[in-house]
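Okay, coords.txt now, which holds compact mmCIF, C-alpha atoms:
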```txt
# COMPACT_ATOMS: atom_id res chain seq x y z
CA MET A 1 -1.22 39.37 109.46
CA ALA A 2 -0.22 43.01 109.81
CA LEU A 3 2.31 42.62 107.02
CA ALA A 4 -0.31 40.90 104.86
CA ALA A 5 -2.66 43.82 105.49
CA ALA A 6 0.14 46.23 104.56
CA ALA A 7 0.73 44.29 101.34
CA PHE A 8 -2.98 44.47 100.56
CA GLY A 9 -2.85 48.21 101.18
CA GLY A 10 0.06 48.37 98.72
CA VAL A 11 -2.08 46.66 96.08
CA VAL A 12 -4.86 49.19 96.72
CA ILE A 13 -2.36 52.04 96.34
CA ALA A 14 -0.96 50.58 93.11
CA GLY A 15 -4.48 50.26 91.69
CA ALA A 16 -5.38 53.80 92.74
CA LEU A 17 -2.29 55.23 91.08
CA GLN A 18 -3.55 53.92 87.74
CA HIS A 19 -6.29 56.56 87.98
CA ASP A 20 -6.46 60.26 88.72
CA VAL A 21 -5.74 60.63 92.44
CA GLY A 22 -6.21 64.39 92.61
CA TRP A 23 -9.11 66.73 92.97
CA GLY A 24 -10.45 68.18 89.75
CA PRO A 25 -13.05 70.82 88.91
CA THR A 26 -15.80 68.18 89.10
CA GLY A 27 -14.62 66.61 92.35
CA PRO A 28 -12.33 63.77 93.32
CA GLY A 29 -10.66 61.59 90.72
CA ALA A 30 -11.36 57.87 90.52
CA GLY A 31 -8.28 57.01 92.56
CA TYR A 32 -8.60 59.78 95.17
CA PHE A 33 -10.33 57.82 97.93
CA PRO A 34 -8.75 54.41 97.20
CA LEU A 35 -5.29 55.99 97.47
CA ARG A 36 -6.07 57.44 100.88
CA ILE A 37 -7.64 54.20 102.11
CA GLY A 38 -4.59 52.25 100.90
CA LEU A 39 -2.20 54.66 102.62
CA LEU A 40 -4.21 54.45 105.82
CA LEU A 41 -4.24 50.65 105.66
CA VAL A 42 -0.48 50.47 105.09
CA GLY A 43 0.21 52.96 107.88
CA VAL A 44 -1.95 51.21 110.47
CA ALA A 45 -0.69 47.76 109.48
CA LEU A 46 2.95 48.83 109.75
CA LEU A 47 2.22 50.47 113.11
CA LEU A 48 0.67 47.23 114.36
CA ALA A 49 3.61 45.19 113.05
CA LEU A 50 6.08 47.53 114.74
CA THR A 51 4.15 47.47 118.02
CA HIS A 52 4.04 43.68 117.99
CA ALA A 53 7.74 43.41 117.10
CA LEU A 54 8.77 45.78 119.91
CA ALA A 55 6.56 44.01 122.47
CA GLY A 56 8.19 40.68 121.64
CA VAL A 57 5.09 38.80 122.74
CA ALA A 58 4.46 35.53 120.99
CA GLY A 59 0.81 34.67 121.31
CA ARG A 60 -1.92 32.80 119.62
CA PHE A 61 -3.26 34.11 116.38
CA ALA A 62 -6.77 33.16 117.42
CA GLU A 63 -8.43 31.49 120.35
CA PRO A 64 -9.87 28.00 119.87
CA GLY A 65 -13.20 28.17 118.08
CA ALA A 66 -12.59 31.68 116.74
CA MET A 67 -11.50 30.47 113.33
CA ARG A 68 -14.67 28.40 113.05
CA ARG A 69 -16.72 31.56 113.57
CA VAL A 70 -14.60 33.43 111.02
CA GLY A 71 -15.05 30.60 108.54
CA ALA A 72 -18.80 30.59 109.13
CA LEU A 73 -18.88 34.18 107.88
CA LEU A 74 -16.06 34.00 105.33
CA LEU A 75 -17.19 30.92 103.39
CA PRO A 76 -20.70 32.21 102.53
CA THR A 77 -19.18 35.56 101.59
CA VAL A 78 -16.70 33.91 99.21
CA VAL A 79 -19.51 31.83 97.67
CA PHE A 80 -21.58 35.01 97.29
CA GLY A 81 -18.72 36.81 95.54
CA ALA A 82 -18.04 33.87 93.23
CA ALA A 83 -21.72 33.48 92.35
CA ILE A 84 -22.11 37.06 91.11
CA ALA A 85 -20.35 36.40 87.78
CA PRO A 86 -22.59 33.52 86.61
CA LEU A 87 -25.84 34.49 88.39
CA GLY A 88 -25.75 38.29 88.51
CA ALA A 89 -25.92 40.35 91.68
CA TYR A 90 -29.52 39.99 92.78
CA VAL A 91 -30.00 36.22 93.14
CA PRO A 92 -26.76 35.65 95.08
CA MET A 93 -27.53 38.73 97.21
CA THR A 94 -30.96 37.35 98.08
CA LEU A 95 -29.59 33.91 98.97
CA TYR A 96 -26.66 35.35 100.92
CA LEU A 97 -28.86 37.65 102.97
CA LEU A 98 -31.37 34.87 103.61
CA TRP A 99 -28.57 32.57 104.81
CA MET A 100 -26.97 35.23 107.00
CA ALA A 101 -30.26 36.40 108.51
CA ARG A 102 -31.66 32.92 109.12
CA VAL A 103 -28.56 30.91 110.03
CA GLN A 104 -26.05 33.41 111.41
CA ALA A 105 -28.40 35.95 113.01
CA ARG A 106 -31.04 33.32 113.83
CA ALA A 107 -33.80 35.65 112.68
CA ARG A 108 -37.30 34.30 112.30
CA TRP A 109 -38.49 33.45 108.80
CA PRO A 110 -40.59 36.59 108.26
CA VAL A 111 -37.68 38.86 109.22
CA ALA A 112 -35.14 36.85 107.23
CA LEU A 113 -37.37 36.90 104.14
CA ALA A 114 -38.04 40.63 104.52
CA VAL A 115 -34.31 41.36 104.67
CA ALA A 116 -33.43 38.93 101.87
CA LEU A 117 -36.10 40.22 99.49
CA GLY A 118 -36.25 43.86 100.55
CA THR A 119 -32.55 44.65 100.27
CA PRO A 120 -32.12 43.53 96.64
CA ALA A 121 -35.34 45.36 95.76
CA ALA A 122 -33.99 48.52 97.40
CA PHE A 123 -30.65 48.08 95.58
CA PHE A 124 -32.54 47.68 92.29
CA LEU A 125 -34.48 50.88 92.86
CA LEU A 126 -31.42 52.79 94.03
CA PHE A 127 -28.90 51.69 91.42
CA GLU A 128 -30.93 50.71 88.36
CA THR A 129 -33.73 53.24 88.57
CA TRP A 130 -32.50 56.33 90.39
CA LEU A 131 -28.77 56.31 89.70
CA THR A 132 -29.00 54.42 86.36
CA VAL A 133 -25.98 52.33 87.33
CA PRO A 134 -26.64 48.73 86.31
CA LEU A 135 -25.58 45.92 88.60
CA ALA A 136 -24.61 42.51 87.22
CA LYS A 137 -27.55 40.61 85.82
CA GLY A 138 -27.89 36.86 85.45
CA PRO A 139 -30.13 34.34 83.72
CA LEU A 140 -33.11 34.99 86.03
CA GLU A 141 -33.18 38.71 85.24
CA GLU A 142 -32.80 37.90 81.55
CA ALA A 143 -35.74 35.47 81.72
CA LEU A 144 -37.84 38.12 83.47
CA GLY A 145 -36.86 40.74 80.87
CA ILE A 146 -34.89 42.88 83.34
CA TYR A 147 -31.69 42.84 81.34
```

Take the structure from the file and write it as structure tokens.
Amino acid sequence: MALAAAAFGGVVIAGALQHDVGWGPTGPGAGYFPLRIGLLLVGVALLLALTHALAGVAGRFAEPGAMRRVGALLLPTVVFGAAIAPLGAYVPMTLYLLWMARVQARARWPVALAVALGTPAAFFLLFETWLTVPLAKGPLEEALGIY
């Protein structure tokens, strides 16, 4: 897993190098922070791989039941990410947050609904209104005229 994380860090570095990775008169270039995050990820992953190799301890990757808990978080997150392209950002975000708050966190309905409806509304105000950075829109936003 450490080597896989290092490989992922290498992909991040390669992507960052396609942009300006320096500091210009207006601030950091587009690849400035991704490059440093990728380097940090590669460094830590290689350190972990080296530590594990020197220790020579063969152990379990995960305890029984741990992968079920990981899957319970990973699967909804993958569905959320895949749903953004056809549905936009707001509807999948609402459903994802409702699922996570109600099922994973076992929050009561009023709290789960407040989180699931309040967060996308706050994101809309922050990104669309104040920063004028549009997030992905889907058929619901188009039907409501928010496109």

(request) Record the distance separating atom CA of A:Gly10 and atom CA of A:Val42, expressed in Å with one decimal. (result) 6.7 Å

Determine, using all atoms listed in the file, which residues of stretch 43-94 of chain A have any atom at most 7 Å from an atom of stretch 131-145 of chain A, and tabulate each with its shortest atom pair and distance in Å to one decimal place, rows ordered by chain and then rising number, as CSV.
```
residue,atom,partner,partner_atom,distance
A:Pro86,CA,A:Gly138,CA,6.4
A:Leu87,CA,A:Gly138,CA,4.3
A:Gly88,CA,A:Lys137,CA,4.0
A:Ala89,CA,A:Ala136,CA,5.1
```

(message) Calculated over only C-alpha atoms, which of the candidates A:Trp23, A:Leu50, A:Arg102, A:Gly15 has the smallest distance to A:Leu35?
(response)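 Ranked by minimum distance to A:Leu35, first place goes to A:Gly15.
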
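As for atom CA of A:Leu97 and atom CA of A:Ala112, they are spaced 7.6 Å apart.
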
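Nearest to A:Pro92 of all the residues A:Leu48, A:Leu41, A:Val78, A:Leu17 is A:Val78, counting all atoms listed in the file.
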
Specify the axis-aligned box that encloses all atoms of stretch 11-30 of chain A listed in the file after padding of 3 Å on each side, stating its centre and edge lengths in Å to one decimal as lines of an AutoDock Vina configuration file.
```
center_x = -8.4
center_y = 58.7
center_z = 92.2
size_x = 20.8
size_y = 30.2
size_z = 15.0
```

(request) Choose the residue, out of A:Ala101, A:Met1, A:Ile84, A:Ile13, that has the smallest atom-to-atom separation from A:Leu113; count only C-alpha atoms. (result) A:Ala101

(request) Measure the distance from atom CA of A:Leu46 to atom CA of A:Ala4 in Å and round it to one decimal. (result)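 Distance reported for this atom pair: 9.9 Å.
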
(message) Under the rule that only C-alpha atoms are counted, which of A:Glu128, A:Thr94, A:Val103, A:Gly65 is the nearest residue to A:Val115?
(response) A:Thr94

(message) List as a list in words the residues having at least one atom at most 12 Å from position (-2.7, 54.7, 103.7) as given in the file, counting all atoms listed in the file.
(response)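 Nearby residues: Ala5, Ala6, Ala7, Phe8, Gly9, Gly10, Val11, Val12, Ile13, Ala14, Ala16, Tyr32, Phe33, Pro34, Leu35, Arg36, Ile37, Gly38, Leu39, Leu40, Leu41, Val42, Gly43, Val44, Ala45, Leu46 and Leu47 of chain A.
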
(request) Rank A:Pro110, A:Ala55, A:Ala82, A:Gln104 by their smallest atom-to-atom distance to A:Arg69, using only C-alpha atoms, and report the top residue only. (result) A:Gln104
